Amino acid sequence: MVSRPVTRDDRPAPRADARRRGRRARRWVIALVVLVLLLVGADFGAAAFAEHMISQKARTQLELTDDPSVTIHGFPFLTQALGGDYDHISVSAAGVPVAGKLQDVAVNAELEDVTAPLSDLTNGNTKAITIGKLTGAVTIKAADLARLSPLDKIKDLRIEPSTREYVENGDSGQSEPAPTTTTTEGQAAQDESSTGVRISGHLQFAGKDLEIFCFAMIEADAKGGTIDFVPKRLQFGNDQETTVVPAAVQKALMPNFRASINTKDLPLSVTPTGVRVQSGSVTIKGEAQNVSFADLSK
């Protein structure tokens, strides 16, 4: 007897209940995927709403014309919002006015261990929002520095980075070295409590308009809560026959470059820990512990 191969038609048909179970399993999987997507979408939507609320409160607190950028880190967000405890929030803003003098200050803040009950956040009760650790950076441009006394006596004030060695000792016929901006490859240099700076501009002396280069140190005084400009030496600009400034002229002009910034007058009210000079600006960095969101503009 010759047997024939088994064809598709010869196989037993699947039972009806097995087909129903397969369809139900697929429906459950699809429903689960849809539920997860909805929850994730709701989480991101709630985070966006909270970021918008914090941004509006920061705009009012810092007296800004536009909402600052706010990012709430961590997932899921809903568990943080329901508990009122946030691990990490980033806030950044530009064009912040300060004390009627400064007009274009940039602020970057990293807020950690933030306690912000949802009811207080929605009601605008910023005094109830507390920050366990605040790490902030305030950048002041040369145009704003030129509004501070006694730097306001210097016309066309400009700021450039310099090295401590060049500030202290000058050179011996060599050009000014560029300050180191990196440590190891790909890593930014650490901010230090003091750094070199070259301040240049025009001053009136004995009826003459003089271009002056001042080589100074900028020092962060954590104890006093100030950033101090300490001039070390002066040079004439390129419009003079010599760069050497006579001692009597140095003594008369040096006080115009000696300035101090009280960090309590700046946004964030941090204790200064570091300072960095870039072309055209000075960035002050600092930290604070256990502060209220309502104190950020002081």
# chains A, B, ... in the order shown; residues from 1 in each chain; ligands from 1

$ residues_around --residues "Glu112 (chain A)" --least-positions-apart "3" --cutoff "9 Å" --atoms "only C-alpha atoms" --output "compact mmCIF listing (two decimals) with C-alpha atoms, in the first residue's frame"
# COMPACT_ATOMS: atom_id res chain seq x y z
CA TYR A 86 11.90 66.45 43.09
CA ASP A 87 15.43 65.12 42.72
CA HIS A 88 16.76 67.62 40.19
CA ILE A 89 15.40 70.69 38.40
CA SER A 90 17.37 72.88 35.98
CA ILE A 131 15.67 73.72 47.71
CA GLY A 132 18.02 71.36 49.52
CA LYS A 133 21.05 72.25 47.39
CA LEU A 134 21.43 75.03 44.85
CA THR A 135 24.37 75.26 42.46

$ select_by_dssp --residues "region 129-161 of chain A" --states "helix (DSSP H, G or I)" --output "list in words"
Ala142, Ala143, Asp144, Leu145, Leu151, Asp152 and Lys153 of chain A

$ residues_around --residues "Leu102 (chain A)" --least-positions-apart "6" --cutoff "10 Å" --atoms "only C-alpha atoms" --output "list of chain:residue names"
A:Gly95, A:Val96, A:Ile140, A:Lys141, A:Ala143, A:Asp144, A:Leu145, A:Ala146, A:Arg147, A:Leu148, A:Leu266

$ closest_residue --among "A:Thr163, A:Asn256, A:Thr115, A:Ser92" --to "Asn290 (chain A)" --atoms "only C-alpha atoms"
A:Thr115

$ select_by_dssp --residues "region 220-270 of chain A" --states "strand (DSSP E or B)" --output "JSON, numbers by chain"
{"A": [220, 221, 226, 227, 228, 229, 230, 231, 232, 233, 234, 235, 236, 244, 259, 260, 261, 262]}

$ closest_residue --among "A:Ser149, A:Thr273, A:Gln278, A:Asn169" --to "Arg258 (chain A)" --atoms "only C-alpha atoms"
A:Ser149
